[in-house]
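Q: File final.txt below, compact mmCIF, N, CA and C atoms and all ligand atoms:
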# COMPACT_ATOMS: atom_id res chain seq x y z
N MET A 19 27.73 64.48 88.34
CA MET A 19 27.91 65.86 88.79
C MET A 19 28.54 65.83 90.19
N ASP A 20 29.65 66.54 90.34
CA ASP A 20 30.27 66.60 91.66
C ASP A 20 29.66 67.72 92.50
N ARG A 21 30.06 67.72 93.76
CA ARG A 21 29.47 68.66 94.73
C ARG A 21 29.68 70.11 94.32
N LYS A 22 30.88 70.42 93.85
CA LYS A 22 31.21 71.80 93.48
C LYS A 22 30.34 72.27 92.30
N GLU A 23 30.18 71.38 91.32
CA GLU A 23 29.36 71.72 90.15
C GLU A 23 27.89 71.90 90.55
N PHE A 24 27.41 71.01 91.45
CA PHE A 24 26.03 71.10 91.93
C PHE A 24 25.78 72.44 92.62
N LEU A 25 26.70 72.83 93.53
CA LEU A 25 26.54 74.09 94.25
C LEU A 25 26.58 75.29 93.31
N LYS A 26 27.41 75.21 92.30
CA LYS A 26 27.52 76.30 91.33
C LYS A 26 26.20 76.48 90.58
N ILE A 27 25.61 75.37 90.13
CA ILE A 27 24.34 75.43 89.38
C ILE A 27 23.21 75.91 90.30
N CYS A 28 23.15 75.34 91.50
CA CYS A 28 22.08 75.74 92.43
C CYS A 28 22.23 77.20 92.84
N GLY A 29 23.45 77.66 93.02
CA GLY A 29 23.68 79.04 93.41
C GLY A 29 23.16 80.00 92.37
N PHE A 30 23.47 79.73 91.09
CA PHE A 30 22.98 80.61 90.02
C PHE A 30 21.47 80.53 89.91
N SER A 31 20.90 79.35 90.11
CA SER A 31 19.44 79.21 90.05
C SER A 31 18.78 80.04 91.15
N CYS A 32 19.35 79.95 92.36
CA CYS A 32 18.79 80.72 93.48
C CYS A 32 18.88 82.22 93.22
N LEU A 33 20.01 82.67 92.69
CA LEU A 33 20.15 84.09 92.39
C LEU A 33 19.11 84.54 91.36
N GLY A 34 18.86 83.67 90.38
CA GLY A 34 17.86 83.98 89.36
C GLY A 34 16.47 84.10 89.97
N VAL A 35 16.12 83.16 90.85
CA VAL A 35 14.81 83.19 91.49
C VAL A 35 14.67 84.44 92.37
N LEU A 36 15.72 84.74 93.15
CA LEU A 36 15.67 85.93 94.01
C LEU A 36 15.55 87.21 93.18
N GLY A 37 16.30 87.28 92.11
CA GLY A 37 16.23 88.47 91.25
C GLY A 37 14.86 88.62 90.63
N LEU A 38 14.27 87.52 90.17
CA LEU A 38 12.95 87.56 89.54
C LEU A 38 11.89 87.97 90.55
N SER A 39 11.95 87.41 91.76
CA SER A 39 10.94 87.77 92.76
C SER A 39 11.10 89.23 93.17
N GLY A 40 12.32 89.73 93.24
CA GLY A 40 12.53 91.14 93.55
C GLY A 40 11.95 92.04 92.48
N MET A 41 12.14 91.64 91.21
CA MET A 41 11.58 92.43 90.11
C MET A 41 10.06 92.42 90.16
N MET A 42 9.46 91.26 90.47
CA MET A 42 8.01 91.16 90.49
C MET A 42 7.44 92.02 91.62
N GLN A 43 8.11 92.03 92.78
CA GLN A 43 7.62 92.84 93.88
C GLN A 43 7.70 94.32 93.55
N SER A 44 8.78 94.72 92.88
CA SER A 44 8.90 96.14 92.57
C SER A 44 7.86 96.58 91.55
N CYS A 45 7.37 95.68 90.71
CA CYS A 45 6.33 96.02 89.73
C CYS A 45 4.98 96.15 90.42
N GLY A 46 4.80 95.51 91.53
CA GLY A 46 3.49 95.47 92.17
C GLY A 46 3.37 96.44 93.32
N THR A 47 3.67 97.69 93.09
CA THR A 47 3.56 98.65 94.18
C THR A 47 2.11 98.83 94.58
N THR A 48 1.92 99.07 95.86
CA THR A 48 0.57 99.20 96.39
C THR A 48 -0.03 100.54 96.00
N HIS A 49 -1.26 100.49 95.53
CA HIS A 49 -2.00 101.70 95.19
C HIS A 49 -2.91 102.04 96.36
N TYR A 50 -2.78 103.26 96.88
CA TYR A 50 -3.65 103.71 97.96
C TYR A 50 -4.83 104.44 97.34
N ALA A 51 -6.00 103.88 97.54
CA ALA A 51 -7.20 104.38 96.90
C ALA A 51 -7.76 105.58 97.64
N THR A 52 -8.34 106.48 96.89
CA THR A 52 -9.08 107.60 97.46
C THR A 52 -10.48 107.08 97.80
N SER A 53 -10.92 107.37 99.02
CA SER A 53 -12.23 106.87 99.43
C SER A 53 -12.91 107.90 100.31
N THR A 54 -14.20 107.71 100.50
CA THR A 54 -14.97 108.57 101.40
C THR A 54 -15.76 107.68 102.35
N ILE A 55 -16.18 108.28 103.45
CA ILE A 55 -17.02 107.54 104.39
C ILE A 55 -18.37 108.23 104.47
N LYS A 56 -19.43 107.46 104.32
CA LYS A 56 -20.79 107.99 104.41
C LYS A 56 -21.67 106.91 105.01
N ASN A 57 -22.42 107.27 106.02
CA ASN A 57 -23.32 106.32 106.68
C ASN A 57 -22.59 105.04 107.10
N ASN A 58 -21.41 105.21 107.65
CA ASN A 58 -20.59 104.09 108.13
C ASN A 58 -20.19 103.12 107.00
N GLN A 59 -20.16 103.65 105.78
CA GLN A 59 -19.69 102.86 104.65
C GLN A 59 -18.45 103.54 104.07
N LEU A 60 -17.47 102.74 103.77
CA LEU A 60 -16.31 103.22 103.02
C LEU A 60 -16.67 103.07 101.54
N ILE A 61 -16.58 104.16 100.82
CA ILE A 61 -16.99 104.15 99.41
C ILE A 61 -15.79 104.50 98.55
N LEU A 62 -15.52 103.65 97.58
CA LEU A 62 -14.47 103.95 96.62
C LEU A 62 -14.91 103.57 95.22
N SER A 63 -14.38 104.29 94.27
CA SER A 63 -14.74 104.06 92.87
C SER A 63 -14.03 102.81 92.35
N LYS A 64 -14.74 102.08 91.49
CA LYS A 64 -14.10 100.92 90.83
C LYS A 64 -12.93 101.35 89.95
N LYS A 65 -12.94 102.63 89.56
CA LYS A 65 -11.84 103.14 88.73
C LYS A 65 -10.50 103.10 89.46
N GLU A 66 -10.53 102.99 90.79
CA GLU A 66 -9.29 102.89 91.55
C GLU A 66 -8.49 101.64 91.16
N PHE A 67 -9.17 100.67 90.58
CA PHE A 67 -8.48 99.44 90.17
C PHE A 67 -7.92 99.54 88.75
N GLU A 68 -8.29 100.57 88.04
CA GLU A 68 -7.87 100.69 86.64
C GLU A 68 -6.47 101.29 86.52
N ILE A 69 -5.72 100.73 85.60
CA ILE A 69 -4.43 101.30 85.20
C ILE A 69 -4.57 101.58 83.71
N THR A 70 -4.72 102.84 83.38
CA THR A 70 -4.93 103.21 81.99
C THR A 70 -3.61 103.55 81.35
N GLU A 71 -3.33 102.86 80.25
CA GLU A 71 -2.12 103.15 79.50
C GLU A 71 -2.55 103.71 78.16
N LYS A 72 -1.65 103.89 77.25
CA LYS A 72 -1.94 104.55 75.98
C LYS A 72 -3.27 104.10 75.36
N ASP A 73 -3.34 102.82 74.97
CA ASP A 73 -4.54 102.35 74.28
C ASP A 73 -5.23 101.22 75.01
N SER A 74 -4.86 100.98 76.25
CA SER A 74 -5.45 99.84 76.94
C SER A 74 -5.65 100.13 78.42
N THR A 75 -6.44 99.29 79.03
CA THR A 75 -6.69 99.41 80.47
C THR A 75 -6.42 98.07 81.12
N ARG A 76 -5.60 98.09 82.16
CA ARG A 76 -5.36 96.90 82.96
C ARG A 76 -6.01 97.13 84.31
N TYR A 77 -6.08 96.06 85.11
CA TYR A 77 -6.72 96.19 86.43
C TYR A 77 -5.79 95.70 87.53
N ARG A 78 -5.75 96.46 88.59
CA ARG A 78 -4.99 96.03 89.76
C ARG A 78 -5.72 94.88 90.42
N ASN A 79 -4.97 94.00 91.07
CA ASN A 79 -5.59 92.91 91.83
C ASN A 79 -6.14 93.40 93.17
N TYR A 80 -5.56 94.49 93.66
CA TYR A 80 -6.00 95.00 94.96
C TYR A 80 -5.63 96.47 95.08
N VAL A 81 -6.31 97.14 95.97
CA VAL A 81 -5.93 98.49 96.39
C VAL A 81 -6.02 98.52 97.91
N VAL A 82 -5.39 99.52 98.50
CA VAL A 82 -5.43 99.68 99.96
C VAL A 82 -6.02 101.04 100.27
N SER A 83 -6.83 101.11 101.30
CA SER A 83 -7.42 102.37 101.71
C SER A 83 -7.12 102.62 103.18
N LYS A 84 -6.64 103.82 103.46
CA LYS A 84 -6.45 104.22 104.86
C LYS A 84 -7.69 104.99 105.28
N VAL A 85 -8.23 104.60 106.41
CA VAL A 85 -9.51 105.15 106.85
C VAL A 85 -9.31 105.92 108.14
N GLU A 86 -9.76 107.17 108.13
CA GLU A 86 -9.65 107.99 109.32
C GLU A 86 -10.48 107.37 110.44
N GLY A 87 -9.90 107.26 111.61
CA GLY A 87 -10.62 106.68 112.74
C GLY A 87 -10.42 105.18 112.89
N ILE A 88 -9.82 104.55 111.92
CA ILE A 88 -9.49 103.13 112.03
C ILE A 88 -7.97 103.02 111.99
N ASN A 89 -7.42 102.32 112.96
CA ASN A 89 -5.97 102.30 113.11
C ASN A 89 -5.22 101.46 112.08
N TYR A 90 -5.95 100.70 111.29
CA TYR A 90 -5.31 99.83 110.31
C TYR A 90 -5.90 100.10 108.93
N PRO A 91 -5.08 99.98 107.90
CA PRO A 91 -5.62 100.11 106.55
C PRO A 91 -6.53 98.93 106.21
N ILE A 92 -7.30 99.11 105.16
CA ILE A 92 -8.16 98.04 104.64
C ILE A 92 -7.67 97.72 103.23
N ILE A 93 -7.53 96.44 102.95
CA ILE A 93 -7.17 96.02 101.60
C ILE A 93 -8.42 95.52 100.91
N ILE A 94 -8.57 95.90 99.66
CA ILE A 94 -9.72 95.46 98.87
C ILE A 94 -9.18 94.69 97.67
N TYR A 95 -9.50 93.40 97.63
CA TYR A 95 -9.10 92.55 96.50
C TYR A 95 -10.22 92.51 95.47
N LYS A 96 -9.83 92.57 94.22
CA LYS A 96 -10.79 92.42 93.12
C LYS A 96 -10.80 90.95 92.73
N ASN A 97 -11.97 90.34 92.84
CA ASN A 97 -12.12 88.93 92.49
C ASN A 97 -12.75 88.80 91.11
N LEU A 98 -13.02 87.60 90.72
CA LEU A 98 -13.70 87.37 89.45
C LEU A 98 -15.16 87.80 89.58
N ASN A 99 -15.81 88.00 88.48
CA ASN A 99 -17.25 88.30 88.44
C ASN A 99 -17.62 89.57 89.19
N ASP A 100 -16.74 90.56 89.15
CA ASP A 100 -17.04 91.87 89.75
C ASP A 100 -17.37 91.76 91.24
N THR A 101 -16.70 90.88 91.94
CA THR A 101 -16.86 90.80 93.38
C THR A 101 -15.55 91.25 94.04
N TYR A 102 -15.66 91.66 95.29
CA TYR A 102 -14.52 92.22 95.99
C TYR A 102 -14.47 91.65 97.41
N THR A 103 -13.26 91.57 97.96
CA THR A 103 -13.06 91.15 99.34
C THR A 103 -12.34 92.27 100.07
N ALA A 104 -12.87 92.68 101.22
CA ALA A 104 -12.25 93.75 102.00
C ALA A 104 -11.80 93.19 103.35
N LEU A 105 -10.53 93.37 103.66
CA LEU A 105 -9.94 92.82 104.89
C LEU A 105 -9.21 93.90 105.67
N LEU A 106 -9.33 93.85 106.98
CA LEU A 106 -8.57 94.74 107.85
C LEU A 106 -7.15 94.20 107.95
N LEU A 107 -6.17 95.08 107.72
CA LEU A 107 -4.77 94.63 107.73
C LEU A 107 -4.22 94.60 109.16
N ARG A 108 -4.93 93.88 110.01
CA ARG A 108 -4.54 93.72 111.41
C ARG A 108 -4.38 92.22 111.68
N CYS A 109 -3.20 91.84 112.11
CA CYS A 109 -2.95 90.42 112.37
C CYS A 109 -3.85 89.93 113.50
N SER A 110 -4.45 88.77 113.31
CA SER A 110 -5.36 88.22 114.31
C SER A 110 -4.61 87.58 115.48
N HIS A 111 -3.29 87.53 115.40
CA HIS A 111 -2.52 86.95 116.50
C HIS A 111 -2.38 87.96 117.63
N GLN A 112 -1.63 89.05 117.40
CA GLN A 112 -1.46 90.06 118.45
C GLN A 112 -1.60 91.47 117.92
N GLY A 113 -2.18 91.61 116.76
CA GLY A 113 -2.59 92.93 116.30
C GLY A 113 -1.58 93.76 115.54
N ALA A 114 -0.50 93.17 115.06
CA ALA A 114 0.44 93.95 114.26
C ALA A 114 -0.15 94.24 112.88
N GLU A 115 0.30 95.33 112.28
CA GLU A 115 -0.18 95.65 110.94
C GLU A 115 0.47 94.72 109.92
N LEU A 116 -0.32 94.25 108.99
CA LEU A 116 0.17 93.29 108.01
C LEU A 116 0.81 94.00 106.82
N THR A 117 1.71 93.29 106.16
CA THR A 117 2.34 93.76 104.94
C THR A 117 1.72 93.02 103.77
N VAL A 118 1.47 93.75 102.70
CA VAL A 118 0.85 93.15 101.52
C VAL A 118 1.94 92.65 100.57
N ASN A 119 1.87 91.38 100.25
CA ASN A 119 2.75 90.77 99.25
C ASN A 119 1.87 90.11 98.21
N GLY A 120 1.20 90.91 97.43
CA GLY A 120 0.28 90.36 96.43
C GLY A 120 -0.90 89.69 97.11
N ASP A 121 -1.08 88.41 96.83
CA ASP A 121 -2.21 87.67 97.39
C ASP A 121 -1.93 87.12 98.78
N VAL A 122 -0.75 87.39 99.31
CA VAL A 122 -0.40 86.92 100.66
C VAL A 122 -0.15 88.13 101.56
N LEU A 123 -0.75 88.08 102.74
CA LEU A 123 -0.58 89.14 103.72
C LEU A 123 0.30 88.58 104.83
N THR A 124 1.40 89.27 105.11
CA THR A 124 2.36 88.73 106.06
C THR A 124 2.49 89.63 107.28
N CYS A 125 2.79 88.99 108.40
CA CYS A 125 2.99 89.71 109.65
C CYS A 125 4.46 89.59 110.04
N SER A 126 5.11 90.72 110.15
CA SER A 126 6.54 90.71 110.47
C SER A 126 6.79 90.45 111.95
N ALA A 127 5.75 90.54 112.79
CA ALA A 127 5.96 90.35 114.23
C ALA A 127 6.36 88.91 114.56
N HIS A 128 5.57 87.94 114.09
CA HIS A 128 5.87 86.54 114.42
C HIS A 128 5.72 85.62 113.23
N GLY A 129 5.52 86.16 112.06
CA GLY A 129 5.57 85.34 110.84
C GLY A 129 4.26 84.77 110.33
N SER A 130 3.13 85.18 110.86
CA SER A 130 1.88 84.64 110.33
C SER A 130 1.66 85.11 108.90
N GLU A 131 0.94 84.29 108.14
CA GLU A 131 0.59 84.63 106.77
C GLU A 131 -0.89 84.34 106.56
N PHE A 132 -1.52 85.19 105.74
CA PHE A 132 -2.95 85.07 105.45
C PHE A 132 -3.16 85.14 103.95
N GLY A 133 -4.18 84.45 103.49
CA GLY A 133 -4.53 84.49 102.07
C GLY A 133 -5.44 85.66 101.77
N LYS A 134 -5.76 85.85 100.49
CA LYS A 134 -6.56 87.00 100.08
C LYS A 134 -8.02 86.88 100.50
N ASN A 135 -8.40 85.74 101.02
CA ASN A 135 -9.75 85.60 101.60
C ASN A 135 -9.72 85.76 103.11
N GLY A 136 -8.54 86.02 103.69
CA GLY A 136 -8.40 86.24 105.11
C GLY A 136 -8.07 84.99 105.91
N ASP A 137 -8.04 83.85 105.26
CA ASP A 137 -7.73 82.60 105.97
C ASP A 137 -6.25 82.54 106.36
N VAL A 138 -5.98 81.84 107.46
CA VAL A 138 -4.61 81.66 107.92
C VAL A 138 -3.89 80.65 107.02
N ILE A 139 -2.76 81.05 106.49
CA ILE A 139 -1.91 80.13 105.73
C ILE A 139 -0.86 79.56 106.65
N GLN A 140 -0.32 80.44 107.49
CA GLN A 140 0.74 80.01 108.42
C GLN A 140 0.57 80.73 109.75
N GLY A 141 0.69 80.00 110.85
CA GLY A 141 0.57 80.56 112.18
C GLY A 141 1.81 81.30 112.60
N PRO A 142 1.82 81.77 113.83
CA PRO A 142 1.02 81.34 114.97
C PRO A 142 -0.44 81.83 114.99
N ALA A 143 -0.84 82.76 114.16
CA ALA A 143 -2.24 83.18 114.17
C ALA A 143 -3.14 81.97 113.90
N GLU A 144 -4.29 81.95 114.55
CA GLU A 144 -5.22 80.84 114.37
C GLU A 144 -6.56 81.29 113.79
N GLN A 145 -6.85 82.58 113.92
CA GLN A 145 -8.14 83.08 113.43
C GLN A 145 -7.94 83.86 112.14
N GLN A 146 -8.96 83.79 111.30
CA GLN A 146 -8.87 84.53 110.05
C GLN A 146 -9.00 86.03 110.32
N LEU A 147 -8.67 86.81 109.31
CA LEU A 147 -8.69 88.27 109.44
C LEU A 147 -10.12 88.78 109.48
N THR A 148 -10.27 89.99 110.01
CA THR A 148 -11.57 90.66 109.99
C THR A 148 -11.92 91.02 108.55
N ALA A 149 -13.07 90.53 108.11
CA ALA A 149 -13.55 90.82 106.75
C ALA A 149 -14.79 91.70 106.85
N PHE A 150 -14.96 92.56 105.88
CA PHE A 150 -16.10 93.47 105.85
C PHE A 150 -17.06 93.05 104.74
N LYS A 151 -18.32 93.32 104.99
CA LYS A 151 -19.34 93.07 103.98
C LYS A 151 -19.16 94.09 102.85
N VAL A 152 -19.24 93.62 101.63
CA VAL A 152 -18.99 94.48 100.47
C VAL A 152 -20.18 94.41 99.52
N GLN A 153 -20.62 95.59 99.07
CA GLN A 153 -21.65 95.67 98.03
C GLN A 153 -21.10 96.55 96.91
N THR A 154 -21.67 96.41 95.74
CA THR A 154 -21.23 97.22 94.61
C THR A 154 -22.43 97.70 93.80
N ASP A 155 -22.19 98.74 93.03
CA ASP A 155 -23.10 99.08 91.94
C ASP A 155 -22.23 99.22 90.69
N THR A 156 -22.72 99.85 89.69
CA THR A 156 -21.93 99.89 88.45
C THR A 156 -20.66 100.72 88.58
N GLN A 157 -20.65 101.68 89.51
CA GLN A 157 -19.49 102.56 89.61
C GLN A 157 -18.65 102.41 90.88
N ASN A 158 -19.30 102.06 91.97
CA ASN A 158 -18.62 102.13 93.26
C ASN A 158 -18.62 100.81 94.03
N ILE A 159 -17.76 100.79 95.04
CA ILE A 159 -17.67 99.68 95.99
C ILE A 159 -18.03 100.24 97.36
N TYR A 160 -18.90 99.56 98.07
CA TYR A 160 -19.38 100.02 99.38
C TYR A 160 -18.98 98.99 100.42
N ILE A 161 -18.19 99.42 101.39
CA ILE A 161 -17.69 98.51 102.41
C ILE A 161 -18.32 98.89 103.75
N GLU A 162 -19.05 97.94 104.33
CA GLU A 162 -19.69 98.18 105.64
C GLU A 162 -18.64 98.13 106.72
N LEU A 163 -18.46 99.24 107.43
CA LEU A 163 -17.39 99.31 108.43
C LEU A 163 -17.78 98.75 109.79
N SER A 164 -19.05 98.43 110.02
CA SER A 164 -19.44 97.89 111.32
C SER A 164 -19.80 96.42 111.21
S1 LIG B 1 1.17 89.65 115.77
FE1 LIG B 1 1.14 88.77 113.80
S2 LIG B 1 2.01 86.82 114.07
FE2 LIG B 1 2.03 87.68 116.06
Once you've parsed the file, please lay out its structure as structure tokens.
Ligand code: FES
A:
Amino acid sequence: MDRKEFLKICGFSCLGVLGLSGMMQSCGTTHYATSTIKNNQLILSKKEFEITEKDSTRYRNYVVSKVEGINYPIIIYKNLNDTYTALLLRCSHQGAELTVNGDVLTCSAHGSEFGKNGDVIQGPAEQQLTAFKVQTDTQNIYIELS
């Protein structure tokens, strides 16, 4: 394989990967959940994760909630075994609001990345994200805001 042929094949492969990732991102639009605050708890229904179609129900991997009085949204990930993780979308480096890219939270200020458990994947941030204690019952999710 000569150089020209190699570049041609790699170029088409890269375009395919970019196109596929663009399509995947457009399918995963963020759902902003309706929530209430009571006794310093953010309360949202588990139904916020449901996507009901004609004869079936799928589940979102996460929802985002904007909370009055808190300057940053909170992302709630649905884990296995009916457990949830709630993270403040505030970068631990210098406080920029994070962007949700599925299971990766990215900071456009200086490039830090965090996983869905709040751990740092890539710096310059060194500390994990603020996580909230989460409890559930059969219908709702309760996030302790303090
Ligand atoms: S504020 Fe997020 S990486 Fe600097």
Q: Write out as an MDAnalysis selection string each polymer residue (protein, DNA or RNA) that has an atom no more than 7 Å from ligand LIG 1 (chain B), with all atoms listed in the file counted.
A: chainID A and resid 108:115 124:131 141:143
Q: From the list A:Asp100, A:Tyr90, A:Ala51, A:Gly136, which residue is nearest Ala149 of chain A when using only N, CA and C atoms?
A: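 Of the candidates, the smallest distance to Ala149 of chain A is held by A:Gly136.
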Q: DSSP on the backbone: what in chain A comes out strand (DSSP E), as a count of residues only?
A: 49
Q: Kindly compute an axis-aligned box around the listed atoms of segment 101-118 of chain A, allowing 3 Å on each side, and express its centre and edge lengths in Å to one decimal as JSON.
A:
{"center_x": -7.3, "center_y": 91.3, "center_z": 105.2, "size_x": 25.2, "size_y": 14.7, "size_z": 32.5}
Q: Could you list, as a PDB file with N, CA and C atoms, keeping the file's coordinate frame, every residue within 7 Å of Ile61 of chain A, counting only N, CA and C atoms and ignoring same-chain residues fewer than 2 positions away?
A:
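Output file result04.pdb is given in full below:
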ATOM      1  N   THR A  52      -8.340 106.480  96.890  1.00  0.00           N
ATOM      2  CA  THR A  52      -9.080 107.600  97.460  1.00  0.00           C
ATOM      3  C   THR A  52     -10.480 107.080  97.800  1.00  0.00           C
ATOM      4  N   SER A  53     -10.920 107.370  99.020  1.00  0.00           N
ATOM      5  CA  SER A  53     -12.230 106.870  99.430  1.00  0.00           C
ATOM      6  C   SER A  53     -12.910 107.900 100.310  1.00  0.00           C
ATOM      7  N   THR A  54     -14.200 107.710 100.500  1.00  0.00           N
ATOM      8  CA  THR A  54     -14.970 108.570 101.400  1.00  0.00           C
ATOM      9  C   THR A  54     -15.760 107.680 102.350  1.00  0.00           C
ATOM     10  N   ILE A  55     -16.180 108.280 103.450  1.00  0.00           N
ATOM     11  CA  ILE A  55     -17.020 107.540 104.390  1.00  0.00           C
ATOM     12  C   ILE A  55     -18.370 108.230 104.470  1.00  0.00           C
ATOM     13  N   LYS A  56     -19.430 107.460 104.320  1.00  0.00           N
ATOM     14  CA  LYS A  56     -20.790 107.990 104.410  1.00  0.00           C
ATOM     15  C   LYS A  56     -21.670 106.910 105.010  1.00  0.00           C
ATOM     16  N   GLN A  59     -20.160 103.650 105.780  1.00  0.00           N
ATOM     17  CA  GLN A  59     -19.690 102.860 104.650  1.00  0.00           C
ATOM     18  C   GLN A  59     -18.450 103.540 104.070  1.00  0.00           C
ATOM     19  N   SER A  63     -14.380 104.290  94.270  1.00  0.00           N
ATOM     20  CA  SER A  63     -14.740 104.060  92.870  1.00  0.00           C
ATOM     21  C   SER A  63     -14.030 102.810  92.350  1.00  0.00           C
ATOM     22  N   ASN A 158     -19.300 102.060  91.970  1.00  0.00           N
ATOM     23  CA  ASN A 158     -18.620 102.130  93.260  1.00  0.00           C
ATOM     24  C   ASN A 158     -18.620 100.810  94.030  1.00  0.00           C
ATOM     25  N   ILE A 159     -17.760 100.790  95.040  1.00  0.00           N
ATOM     26  CA  ILE A 159     -17.670  99.680  95.990  1.00  0.00           C
ATOM     27  C   ILE A 159     -18.030 100.240  97.360  1.00  0.00           C
ATOM     28  N   TYR A 160     -18.900  99.560  98.070  1.00  0.00           N
ATOM     29  CA  TYR A 160     -19.380 100.020  99.380  1.00  0.00           C
ATOM     30  C   TYR A 160     -18.980  98.990 100.420  1.00  0.00           C
ATOM     31  N   ILE A 161     -18.190  99.420 101.390  1.00  0.00           N
ATOM     32  CA  ILE A 161     -17.690  98.510 102.410  1.00  0.00           C
ATOM     33  C   ILE A 161     -18.320  98.890 103.750  1.00  0.00           C
TER      34      ILE A 161
END
Q: Could you tell me how far atom N of Leu60 of chain A lies from atom CA of Leu163 of chain A, in Å and to one decimal?
A: 5.8 Å
Q: Contacts of Gln157 of chain A at 8 Å or less, counting only N, CA and C atoms, minus same-chain residues fewer than 4 places along, as a ChimeraX atom specification?
A: /A:62-65
Q: Can you work out the spacing between atom CA of Thr103 of chain A and atom CA of Lys134 of chain A in Å, to one decimal?
A: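 Answer for the atom CA of Thr103 of chain A to atom CA of Lys134 of chain A separation: 7.7 Å.
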Q: So the first atom is atom N of Ser164 of chain A and the second is atom C of Leu147 of chain A; what is the distance between them in Å, to one decimal place?
A: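 Separating atom N of Ser164 of chain A from atom C of Leu147 of chain A is a distance of 13.2 Å.
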Q: Assign secondary structure with DSSP using the backbone only, and return the residues of segment 30-154 of chain A in helix (DSSP H, G or I) as number ranges by chain.
A: A: 30-45, 64-67, 98-100
